[in-house]
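Visitor: The structure file run16.pdb (PDB, C-alpha atoms) is provided below.
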```pdb
ATOM      1  CA  MET D   1      16.757 -18.807  11.974
ATOM      2  CA  ARG D   2      14.287 -18.627   9.131
ATOM      3  CA  THR D   3      11.394 -21.030   8.930
ATOM      4  CA  GLU D   4       9.754 -21.857   5.613
ATOM      5  CA  PHE D   5       6.028 -22.462   5.710
ATOM      6  CA  ASP D   6       4.408 -24.937   3.351
ATOM      7  CA  PHE D   7       1.348 -23.338   1.774
ATOM      8  CA  ALA D   8       0.661 -26.304  -0.533
ATOM      9  CA  PRO D   9      -2.500 -27.421   1.343
ATOM     10  CA  LEU D  10      -3.993 -23.960   0.884
ATOM     11  CA  TYR D  11      -3.486 -24.121  -2.890
ATOM     12  CA  ARG D  12      -6.050 -26.944  -3.039
ATOM     13  CA  SER D  13      -8.958 -24.785  -1.881
ATOM     14  CA  SER D  14      -7.954 -21.251  -2.917
ATOM     15  CA  ILE D  15      -7.678 -19.660  -6.313
ATOM     16  CA  GLY D  16      -5.807 -16.481  -7.116
ATOM     17  CA  PHE D  17      -3.987 -16.098  -3.802
ATOM     18  CA  ASP D  18      -0.560 -16.819  -5.275
ATOM     19  CA  ARG D  19       0.525 -13.218  -4.670
ATOM     20  CA  VAL D  20      -0.360 -13.430  -0.973
ATOM     21  CA  PHE D  21       1.659 -16.608  -0.508
ATOM     22  CA  SER D  22       4.650 -15.135  -2.314
ATOM     23  CA  LEU D  23       4.466 -12.034  -0.085
ATOM     24  CA  LEU D  24       4.571 -14.244   2.985
ATOM     25  CA  ASN D  25       7.632 -16.069   1.666
ATOM     26  CA  ASN D  26       9.374 -12.875   0.516
ATOM     27  CA  PRO D  27      12.800 -12.756   2.213
ATOM     28  CA  GLN D  28      12.960  -8.952   1.959
ATOM     29  CA  ARG D  29       9.984  -8.754   4.279
ATOM     30  CA  LEU D  30      12.057 -10.359   7.025
ATOM     31  CA  GLN D  31      14.974  -7.934   6.843
ATOM     32  CA  ALA D  32      15.725  -5.564   9.695
ATOM     33  CA  VAL D  33      13.130  -2.825   9.879
ATOM     34  CA  ASP D  34      14.313   0.768   9.882
ATOM     35  CA  ALA D  35      12.134   2.756  12.273
ATOM     36  CA  TRP D  36      12.822   6.123  10.646
ATOM     37  CA  PRO D  37      10.843   8.112   9.740
ATOM     38  CA  PRO D  38       8.020   7.123  12.093
ATOM     39  CA  TYR D  39       4.601   6.650  10.518
ATOM     40  CA  ASP D  40       0.996   5.732  11.298
ATOM     41  CA  ILE D  41      -1.507   3.881   9.130
ATOM     42  CA  LEU D  42      -5.127   4.860   9.762
ATOM     43  CA  LYS D  43      -8.391   3.440   8.461
ATOM     44  CA  VAL D  44     -10.586   6.491   7.899
ATOM     45  CA  GLY D  45     -13.500   4.757   6.124
ATOM     46  CA  ASP D  46     -14.672   1.406   4.816
ATOM     47  CA  ASN D  47     -12.340   1.617   1.807
ATOM     48  CA  GLU D  48     -10.216   4.627   2.751
ATOM     49  CA  TYR D  49      -6.838   4.683   4.467
ATOM     50  CA  ARG D  50      -4.259   7.303   5.387
ATOM     51  CA  ILE D  51      -0.521   7.029   5.944
ATOM     52  CA  VAL D  52       0.906   9.802   8.133
ATOM     53  CA  MET D  53       4.713  10.142   8.196
ATOM     54  CA  ALA D  54       6.693  12.468  10.449
ATOM     55  CA  VAL D  55       9.123  14.198   8.064
ATOM     56  CA  ALA D  56      10.181  17.283  10.027
ATOM     57  CA  GLY D  57      12.676  19.423   8.134
ATOM     58  CA  PHE D  58      11.629  18.186   4.681
ATOM     59  CA  GLU D  59       9.829  20.319   2.114
ATOM     60  CA  ASP D  60       7.626  19.339  -0.839
ATOM     61  CA  GLY D  61      10.585  19.261  -3.220
ATOM     62  CA  ASP D  62      12.588  16.960  -0.931
ATOM     63  CA  LEU D  63       9.981  14.178  -1.047
ATOM     64  CA  ASP D  64       9.066  11.797  -3.854
ATOM     65  CA  ILE D  65       5.988   9.538  -3.781
ATOM     66  CA  THR D  66       5.660   6.816  -6.420
ATOM     67  CA  GLN D  67       3.070   4.075  -6.847
ATOM     68  CA  GLU D  68       4.022   1.158  -9.079
ATOM     69  CA  ARG D  69       1.569  -1.709  -9.204
ATOM     70  CA  ASN D  70       1.033  -2.767  -5.595
ATOM     71  CA  VAL D  71       3.957  -0.912  -4.039
ATOM     72  CA  LEU D  72       3.935   2.621  -2.685
ATOM     73  CA  LEU D  73       7.429   4.092  -2.442
ATOM     74  CA  VAL D  74       8.114   7.230  -0.396
ATOM     75  CA  LYS D  75      11.612   8.701  -0.720
ATOM     76  CA  GLY D  76      13.086  11.676   1.032
ATOM     77  CA  GLY D  77      16.414  13.369   0.482
ATOM     78  CA  LYS D  78      17.789  16.716   1.537
ATOM     79  CA  ALA D  79      20.932  18.422   0.309
ATOM     80  CA  ASP D  80      23.511  18.988   3.046
ATOM     81  CA  ASP D  81      23.708  22.547   4.301
ATOM     82  CA  THR D  82      27.477  22.976   4.414
ATOM     83  CA  LYS D  83      27.231  26.712   5.170
ATOM     84  CA  ALA D  84      25.760  26.204   8.612
ATOM     85  CA  GLU D  85      27.849  25.264  11.631
ATOM     86  CA  TYR D  86      25.835  23.027  13.921
ATOM     87  CA  LEU D  87      26.543  23.042  17.649
ATOM     88  CA  HIS D  88      23.960  20.293  18.091
ATOM     89  CA  ARG D  89      22.055  18.440  15.367
ATOM     90  CA  GLY D  90      19.001  16.655  16.730
ATOM     91  CA  ILE D  91      16.605  16.894  13.783
ATOM     92  CA  ALA D  92      17.246  13.968  11.490
ATOM     93  CA  THR D  93      17.190  15.024   7.842
ATOM     94  CA  ARG D  94      18.975  12.007   6.429
ATOM     95  CA  GLY D  95      17.625  10.427   3.291
ATOM     96  CA  PHE D  96      15.121   7.620   3.574
ATOM     97  CA  GLU D  97      13.160   5.176   1.475
ATOM     98  CA  ARG D  98       9.982   3.574   2.827
ATOM     99  CA  ARG D  99       8.006   0.908   0.935
ATOM    100  CA  PHE D 100       4.390  -0.038   1.567
ATOM    101  CA  GLU D 101       2.770  -3.115   0.023
ATOM    102  CA  LEU D 102      -0.701  -2.211  -1.231
ATOM    103  CA  ALA D 103      -3.605  -4.577  -1.735
ATOM    104  CA  ASP D 104      -5.150  -4.983  -5.160
ATOM    105  CA  HIS D 105      -7.209  -2.005  -6.363
ATOM    106  CA  VAL D 106      -5.739   0.419  -3.788
ATOM    107  CA  SER D 107      -4.539   3.706  -5.232
ATOM    108  CA  VAL D 108      -3.195   7.011  -3.958
ATOM    109  CA  GLU D 109      -5.861   9.706  -3.950
ATOM    110  CA  ASN D 110      -3.981  12.652  -2.470
ATOM    111  CA  ALA D 111      -0.786  13.646  -0.667
ATOM    112  CA  SER D 112      -0.148  16.736   1.437
ATOM    113  CA  LEU D 113       2.568  18.073   3.726
ATOM    114  CA  LYS D 114       1.532  20.149   6.727
ATOM    115  CA  ASN D 115       3.308  20.912  10.004
ATOM    116  CA  GLY D 116       6.045  18.366   9.316
ATOM    117  CA  LEU D 117       3.579  15.524   8.662
ATOM    118  CA  LEU D 118       3.170  13.913   5.253
ATOM    119  CA  HIS D 119      -0.413  12.708   4.719
ATOM    120  CA  ILE D 120      -1.004  10.141   1.947
ATOM    121  CA  ASP D 121      -4.658   9.280   1.336
ATOM    122  CA  LEU D 122      -5.400   5.873  -0.181
ATOM    123  CA  LYS D 123      -8.630   4.428  -1.513
ATOM    124  CA  ARG D 124      -9.658   0.929  -2.492
ATOM    125  CA  GLU D 125     -11.988   0.909  -5.483
ATOM    126  CA  ILE D 126     -13.179  -2.507  -6.552
ATOM    127  CA  PRO D 127     -14.110  -2.579 -10.264
ATOM    128  CA  GLU D 128     -17.717  -3.447 -11.134
ATOM    129  CA  ALA D 129     -16.578  -6.683 -12.750
ATOM    130  CA  MET D 130     -15.051  -7.770  -9.420
ATOM    131  CA  LYS D 131     -18.121  -7.029  -7.263
ATOM    132  CA  PRO D 132     -20.474  -9.837  -6.250
ATOM    133  CA  ARG D 133     -23.051 -10.788  -8.851
ATOM    134  CA  LYS D 134     -26.027 -13.085  -8.872
ATOM    135  CA  ILE D 135     -25.735 -16.108 -11.140
ATOM    136  CA  ALA D 136     -28.996 -17.395 -12.602
ATOM    137  CA  ILE D 137     -29.477 -21.134 -12.860
ATOM    138  CA  GLY D 138     -30.820 -22.008 -16.305
ATOM    139  CA  ASP D 139     -32.048 -25.087 -18.117
ATOM    140  CA  GLY D 140     -28.783 -25.596 -19.956
ATOM    141  CA  ALA D 141     -29.329 -22.924 -22.627
ATOM    142  CA  GLN D 142     -26.633 -20.277 -22.758
ATOM    143  CA  VAL D 143     -28.005 -17.296 -20.828
ATOM    144  CA  PRO D 144     -25.738 -14.238 -20.732
ATOM    145  CA  LEU D 145     -24.729 -13.288 -17.194
ATOM    146  CA  GLN D 146     -25.605  -9.794 -16.032
ATOM    147  CA  ILE D 147     -24.227  -7.826 -13.144
ATOM    148  CA  GLU D 148     -26.994  -6.974 -10.694
ATOM    149  CA  GLY D 149     -26.465  -3.206 -11.084
ATOM    150  CA  GLU D 150     -26.630  -3.327 -14.899
ATOM    151  CA  LYS D 151     -30.144  -4.774 -15.179
ATOM    152  CA  GLN D 152     -32.647  -2.392 -16.680
ATOM    153  CA  VAL D 153     -36.148  -2.098 -15.318
ATOM    154  CA  ALA D 154     -38.803  -2.527 -18.044
TER     155      ALA D 154
END
```
Could you write out this structure as structure tokens?

Guide:
Amino acid sequence: MRTEFDFAPLYRSSIGFDRVFSLLNNPQRLQAVDAWPPYDILKVGDNEYRIVMAVAGFEDGDLDITQERNVLLVKGGKADDTKAEYLHRGIATRGFERRFELADHVSVENASLKNGLLHIDLKREIPEAMKPRKIAIGDGAQVPLQIEGEKQVA
């Protein structure tokens, strides 16, 4: 049973959070979650994150990492080895597609594959225009606003 939440009261006191509300109402988010391949998400700094995925049996050429807007897509696919005769096949090398929703201003910095683990380093860089700034209160005359870091010392 799916329950719809009414976010209308929050629209009265918040500006620019439309994307967050639509993510919460996104029906794809509620679909069954595939647990393969397993992954961890680590916070390694104030604005730095790392996704670690266990992709044993995959090589660099078998993996594809794509960032489009606020979605990070990791795909893996391996050609079947029809020459080999398996007596037991316990290492999963089936294709996969894993999506991660990224916050605004988060981008992929680096990706590496070592010992069967795919490391994807992410960083959030807030543009100068988005950082807090001090607003001067004037007497009604148009005073141009300056970002605190851009002021020059005379």

Visitor: Show which residues sit within 12 Å of Val106 (chain D), as a list in words. Count all atoms listed in the file, and ignore same-chain residues fewer than 6 positions away.

Guide: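 The residues satisfying every condition are Asn47, Glu48, Tyr49, Arg50, Gln67, Glu68, Arg69, Asn70, Val71, Leu72, Phe100, Asp121, Leu122, Lys123, Arg124, Glu125, Ile126 and Pro127 of chain D.
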
Visitor: Given all atoms listed in the file as the basis, pick out the residue of D:Ala111, D:Ala79, D:Ala136, D:Val55 nearest to Trp36 (chain D).

Guide: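 Looking only at the distances to Trp36 (chain D), the closest residue turns out to be D:Val55.
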
Visitor: Hey, can you pull every residue with an atom no more than 9 Å from (11.9, 17.0, 1.9), using only C-alpha atoms, and send it as a PyMOL selection string?

Guide: chain D and resi 55-64+75-78+93+95

Visitor: Would you write out those residues with C-alpha atoms, as a PDB file, keeping the file's coordinate frame?

Guide:
```pdb
ATOM      1  CA  VAL D  55       9.123  14.198   8.064  1.00  0.00           C
ATOM      2  CA  ALA D  56      10.181  17.283  10.027  1.00  0.00           C
ATOM      3  CA  GLY D  57      12.676  19.423   8.134  1.00  0.00           C
ATOM      4  CA  PHE D  58      11.629  18.186   4.681  1.00  0.00           C
ATOM      5  CA  GLU D  59       9.829  20.319   2.114  1.00  0.00           C
ATOM      6  CA  ASP D  60       7.626  19.339  -0.839  1.00  0.00           C
ATOM      7  CA  GLY D  61      10.585  19.261  -3.220  1.00  0.00           C
ATOM      8  CA  ASP D  62      12.588  16.960  -0.931  1.00  0.00           C
ATOM      9  CA  LEU D  63       9.981  14.178  -1.047  1.00  0.00           C
ATOM     10  CA  ASP D  64       9.066  11.797  -3.854  1.00  0.00           C
ATOM     11  CA  LYS D  75      11.612   8.701  -0.720  1.00  0.00           C
ATOM     12  CA  GLY D  76      13.086  11.676   1.032  1.00  0.00           C
ATOM     13  CA  GLY D  77      16.414  13.369   0.482  1.00  0.00           C
ATOM     14  CA  LYS D  78      17.789  16.716   1.537  1.00  0.00           C
ATOM     15  CA  THR D  93      17.190  15.024   7.842  1.00  0.00           C
ATOM     16  CA  GLY D  95      17.625  10.427   3.291  1.00  0.00           C
TER      17      GLY D  95
END
```

Visitor: Any idea what the distance is between CA of Ile41 (chain D) and CA of Glu101 (chain D)?

Guide: 12.3 Å

Visitor: Go ahead and compute the interatomic distance for CA of Glu85 (chain D) and CA of Pro37 (chain D), in Å to one decimal.

Guide: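 Here the two named atoms are 24.2 Å from each other.
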
Visitor: Take CA of Leu118 (chain D) and CA of Met53 (chain D) and report the distance between them in Å, one decimal.

Guide: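 Interatomic distance here is 5.0 Å.
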
Visitor: Should you be able to, write region 92-135 of chain D of this structure into a file that contains N, CA and C atoms, as a PDB file, in the first residue's frame.

Guide:
```
ATOM      1  N   ALA D  92      29.392 -13.876  -8.832  1.00  0.00           N
ATOM      2  CA  ALA D  92      28.367 -13.271  -9.687  1.00  0.00           C
ATOM      3  C   ALA D  92      29.007 -12.247 -10.611  1.00  0.00           C
ATOM      4  N   THR D  93      28.884 -12.447 -11.892  1.00  0.00           N
ATOM      5  CA  THR D  93      29.399 -11.478 -12.873  1.00  0.00           C
ATOM      6  C   THR D  93      28.273 -11.022 -13.798  1.00  0.00           C
ATOM      7  N   ARG D  94      27.055 -11.103 -13.306  1.00  0.00           N
ATOM      8  CA  ARG D  94      25.928 -10.654 -14.121  1.00  0.00           C
ATOM      9  C   ARG D  94      25.956  -9.128 -14.240  1.00  0.00           C
ATOM     10  N   GLY D  95      25.335  -8.641 -15.275  1.00  0.00           N
ATOM     11  CA  GLY D  95      25.280  -7.207 -15.484  1.00  0.00           C
ATOM     12  C   GLY D  95      24.466  -6.518 -14.404  1.00  0.00           C
ATOM     13  N   PHE D  96      24.781  -5.268 -14.165  1.00  0.00           N
ATOM     14  CA  PHE D  96      24.046  -4.508 -13.155  1.00  0.00           C
ATOM     15  C   PHE D  96      23.989  -3.049 -13.566  1.00  0.00           C
ATOM     16  N   GLU D  97      23.058  -2.353 -12.951  1.00  0.00           N
ATOM     17  CA  GLU D  97      22.919  -0.909 -13.124  1.00  0.00           C
ATOM     18  C   GLU D  97      22.495  -0.333 -11.780  1.00  0.00           C
ATOM     19  N   ARG D  98      23.316   0.542 -11.225  1.00  0.00           N
ATOM     20  CA  ARG D  98      23.042   1.133  -9.912  1.00  0.00           C
ATOM     21  C   ARG D  98      22.981   2.643 -10.072  1.00  0.00           C
ATOM     22  N   ARG D  99      21.911   3.256  -9.565  1.00  0.00           N
ATOM     23  CA  ARG D  99      21.724   4.708  -9.646  1.00  0.00           C
ATOM     24  C   ARG D  99      21.854   5.312  -8.251  1.00  0.00           C
ATOM     25  N   PHE D 100      22.517   6.460  -8.198  1.00  0.00           N
ATOM     26  CA  PHE D 100      22.649   7.218  -6.960  1.00  0.00           C
ATOM     27  C   PHE D 100      22.161   8.632  -7.224  1.00  0.00           C
ATOM     28  N   GLU D 101      21.259   9.123  -6.399  1.00  0.00           N
ATOM     29  CA  GLU D 101      20.791  10.504  -6.489  1.00  0.00           C
ATOM     30  C   GLU D 101      21.812  11.380  -5.779  1.00  0.00           C
ATOM     31  N   LEU D 102      22.311  12.390  -6.473  1.00  0.00           N
ATOM     32  CA  LEU D 102      23.302  13.295  -5.903  1.00  0.00           C
ATOM     33  C   LEU D 102      22.659  14.630  -5.554  1.00  0.00           C
ATOM     34  N   ALA D 103      23.142  15.234  -4.496  1.00  0.00           N
ATOM     35  CA  ALA D 103      22.667  16.563  -4.115  1.00  0.00           C
ATOM     36  C   ALA D 103      23.205  17.587  -5.109  1.00  0.00           C
ATOM     37  N   ASP D 104      22.663  18.775  -5.058  1.00  0.00           N
ATOM     38  CA  ASP D 104      23.144  19.844  -5.929  1.00  0.00           C
ATOM     39  C   ASP D 104      24.613  20.122  -5.642  1.00  0.00           C
ATOM     40  N   HIS D 105      25.370  20.408  -6.680  1.00  0.00           N
ATOM     41  CA  HIS D 105      26.776  20.788  -6.622  1.00  0.00           C
ATOM     42  C   HIS D 105      27.700  19.648  -6.186  1.00  0.00           C
ATOM     43  N   VAL D 106      27.256  18.402  -6.280  1.00  0.00           N
ATOM     44  CA  VAL D 106      28.114  17.253  -6.007  1.00  0.00           C
ATOM     45  C   VAL D 106      28.576  16.696  -7.341  1.00  0.00           C
ATOM     46  N   SER D 107      29.883  16.481  -7.458  1.00  0.00           N
ATOM     47  CA  SER D 107      30.428  15.958  -8.707  1.00  0.00           C
ATOM     48  C   SER D 107      31.436  14.854  -8.421  1.00  0.00           C
ATOM     49  N   VAL D 108      31.667  14.025  -9.430  1.00  0.00           N
ATOM     50  CA  VAL D 108      32.627  12.932  -9.310  1.00  0.00           C
ATOM     51  C   VAL D 108      34.023  13.499  -9.504  1.00  0.00           C
ATOM     52  N   GLU D 109      34.906  13.225  -8.560  1.00  0.00           N
ATOM     53  CA  GLU D 109      36.280  13.689  -8.633  1.00  0.00           C
ATOM     54  C   GLU D 109      37.207  12.630  -9.223  1.00  0.00           C
ATOM     55  N   ASN D 110      36.980  11.370  -8.868  1.00  0.00           N
ATOM     56  CA  ASN D 110      37.899  10.313  -9.257  1.00  0.00           C
ATOM     57  C   ASN D 110      37.196   8.967  -9.121  1.00  0.00           C
ATOM     58  N   ALA D 111      37.660   7.992  -9.900  1.00  0.00           N
ATOM     59  CA  ALA D 111      37.166   6.620  -9.780  1.00  0.00           C
ATOM     60  C   ALA D 111      38.348   5.683  -9.980  1.00  0.00           C
ATOM     61  N   SER D 112      38.417   4.635  -9.155  1.00  0.00           N
ATOM     62  CA  SER D 112      39.502   3.675  -9.285  1.00  0.00           C
ATOM     63  C   SER D 112      38.993   2.284  -8.924  1.00  0.00           C
ATOM     64  N   LEU D 113      39.646   1.285  -9.496  1.00  0.00           N
ATOM     65  CA  LEU D 113      39.290  -0.114  -9.258  1.00  0.00           C
ATOM     66  C   LEU D 113      40.518  -0.825  -8.717  1.00  0.00           C
ATOM     67  N   LYS D 114      40.401  -1.355  -7.501  1.00  0.00           N
ATOM     68  CA  LYS D 114      41.539  -2.026  -6.876  1.00  0.00           C
ATOM     69  C   LYS D 114      41.032  -3.166  -5.998  1.00  0.00           C
ATOM     70  N   ASN D 115      41.602  -4.339  -6.200  1.00  0.00           N
ATOM     71  CA  ASN D 115      41.264  -5.523  -5.402  1.00  0.00           C
ATOM     72  C   ASN D 115      39.770  -5.842  -5.427  1.00  0.00           C
ATOM     73  N   GLY D 116      39.138  -5.653  -6.562  1.00  0.00           N
ATOM     74  CA  GLY D 116      37.722  -5.982  -6.702  1.00  0.00           C
ATOM     75  C   GLY D 116      36.771  -4.953  -6.126  1.00  0.00           C
ATOM     76  N   LEU D 117      37.296  -3.809  -5.684  1.00  0.00           N
ATOM     77  CA  LEU D 117      36.461  -2.736  -5.135  1.00  0.00           C
ATOM     78  C   LEU D 117      36.560  -1.509  -6.022  1.00  0.00           C
ATOM     79  N   LEU D 118      35.408  -0.984  -6.420  1.00  0.00           N
ATOM     80  CA  LEU D 118      35.332   0.234  -7.206  1.00  0.00           C
ATOM     81  C   LEU D 118      35.148   1.398  -6.242  1.00  0.00           C
ATOM     82  N   HIS D 119      36.101   2.345  -6.256  1.00  0.00           N
ATOM     83  CA  HIS D 119      36.043   3.522  -5.401  1.00  0.00           C
ATOM     84  C   HIS D 119      35.657   4.724  -6.271  1.00  0.00           C
ATOM     85  N   ILE D 120      34.583   5.413  -5.895  1.00  0.00           N
ATOM     86  CA  ILE D 120      34.154   6.623  -6.602  1.00  0.00           C
ATOM     87  C   ILE D 120      34.174   7.757  -5.594  1.00  0.00           C
ATOM     88  N   ASP D 121      35.069   8.729  -5.821  1.00  0.00           N
ATOM     89  CA  ASP D 121      35.200   9.868  -4.917  1.00  0.00           C
ATOM     90  C   ASP D 121      34.331  11.016  -5.411  1.00  0.00           C
ATOM     91  N   LEU D 122      33.554  11.580  -4.492  1.00  0.00           N
ATOM     92  CA  LEU D 122      32.625  12.663  -4.799  1.00  0.00           C
ATOM     93  C   LEU D 122      32.973  13.877  -3.949  1.00  0.00           C
ATOM     94  N   LYS D 123      32.702  15.049  -4.497  1.00  0.00           N
ATOM     95  CA  LYS D 123      32.971  16.281  -3.755  1.00  0.00           C
ATOM     96  C   LYS D 123      31.847  17.274  -4.000  1.00  0.00           C
ATOM     97  N   ARG D 124      31.448  17.934  -2.922  1.00  0.00           N
ATOM     98  CA  ARG D 124      30.443  18.990  -3.030  1.00  0.00           C
ATOM     99  C   ARG D 124      31.168  20.322  -3.004  1.00  0.00           C
ATOM    100  N   GLU D 125      31.023  21.085  -4.085  1.00  0.00           N
ATOM    101  CA  GLU D 125      31.631  22.400  -4.186  1.00  0.00           C
ATOM    102  C   GLU D 125      30.530  23.427  -4.395  1.00  0.00           C
ATOM    103  N   ILE D 126      30.297  24.215  -3.387  1.00  0.00           N
ATOM    104  CA  ILE D 126      29.256  25.241  -3.468  1.00  0.00           C
ATOM    105  C   ILE D 126      29.846  26.461  -4.157  1.00  0.00           C
ATOM    106  N   PRO D 127      29.221  26.948  -5.232  1.00  0.00           N
ATOM    107  CA  PRO D 127      29.732  28.134  -5.930  1.00  0.00           C
ATOM    108  C   PRO D 127      29.741  29.358  -5.018  1.00  0.00           C
ATOM    109  N   GLU D 128      30.643  30.283  -5.291  1.00  0.00           N
ATOM    110  CA  GLU D 128      30.755  31.504  -4.476  1.00  0.00           C
ATOM    111  C   GLU D 128      29.429  32.247  -4.389  1.00  0.00           C
ATOM    112  N   ALA D 129      28.687  32.266  -5.474  1.00  0.00           N
ATOM    113  CA  ALA D 129      27.413  32.985  -5.483  1.00  0.00           C
ATOM    114  C   ALA D 129      26.400  32.352  -4.539  1.00  0.00           C
ATOM    115  N   MET D 130      26.593  31.075  -4.189  1.00  0.00           N
ATOM    116  CA  MET D 130      25.643  30.375  -3.323  1.00  0.00           C
ATOM    117  C   MET D 130      26.044  30.425  -1.848  1.00  0.00           C
ATOM    118  N   LYS D 131      27.262  30.875  -1.555  1.00  0.00           N
ATOM    119  CA  LYS D 131      27.739  30.916  -0.170  1.00  0.00           C
ATOM    120  C   LYS D 131      27.091  32.076   0.565  1.00  0.00           C
ATOM    121  N   PRO D 132      27.032  31.990   1.890  1.00  0.00           N
ATOM    122  CA  PRO D 132      26.415  33.074   2.664  1.00  0.00           C
ATOM    123  C   PRO D 132      27.118  34.408   2.415  1.00  0.00           C
ATOM    124  N   ARG D 133      26.341  35.469   2.392  1.00  0.00           N
ATOM    125  CA  ARG D 133      26.902  36.798   2.209  1.00  0.00           C
ATOM    126  C   ARG D 133      26.205  37.766   3.140  1.00  0.00           C
ATOM    127  N   LYS D 134      26.898  38.798   3.502  1.00  0.00           N
ATOM    128  CA  LYS D 134      26.351  39.799   4.404  1.00  0.00           C
ATOM    129  C   LYS D 134      25.642  40.855   3.575  1.00  0.00           C
ATOM    130  N   ILE D 135      24.432  41.176   3.955  1.00  0.00           N
ATOM    131  CA  ILE D 135      23.623  42.172   3.265  1.00  0.00           C
ATOM    132  C   ILE D 135      23.631  43.449   4.090  1.00  0.00           C
TER     133      ILE D 135
END
```
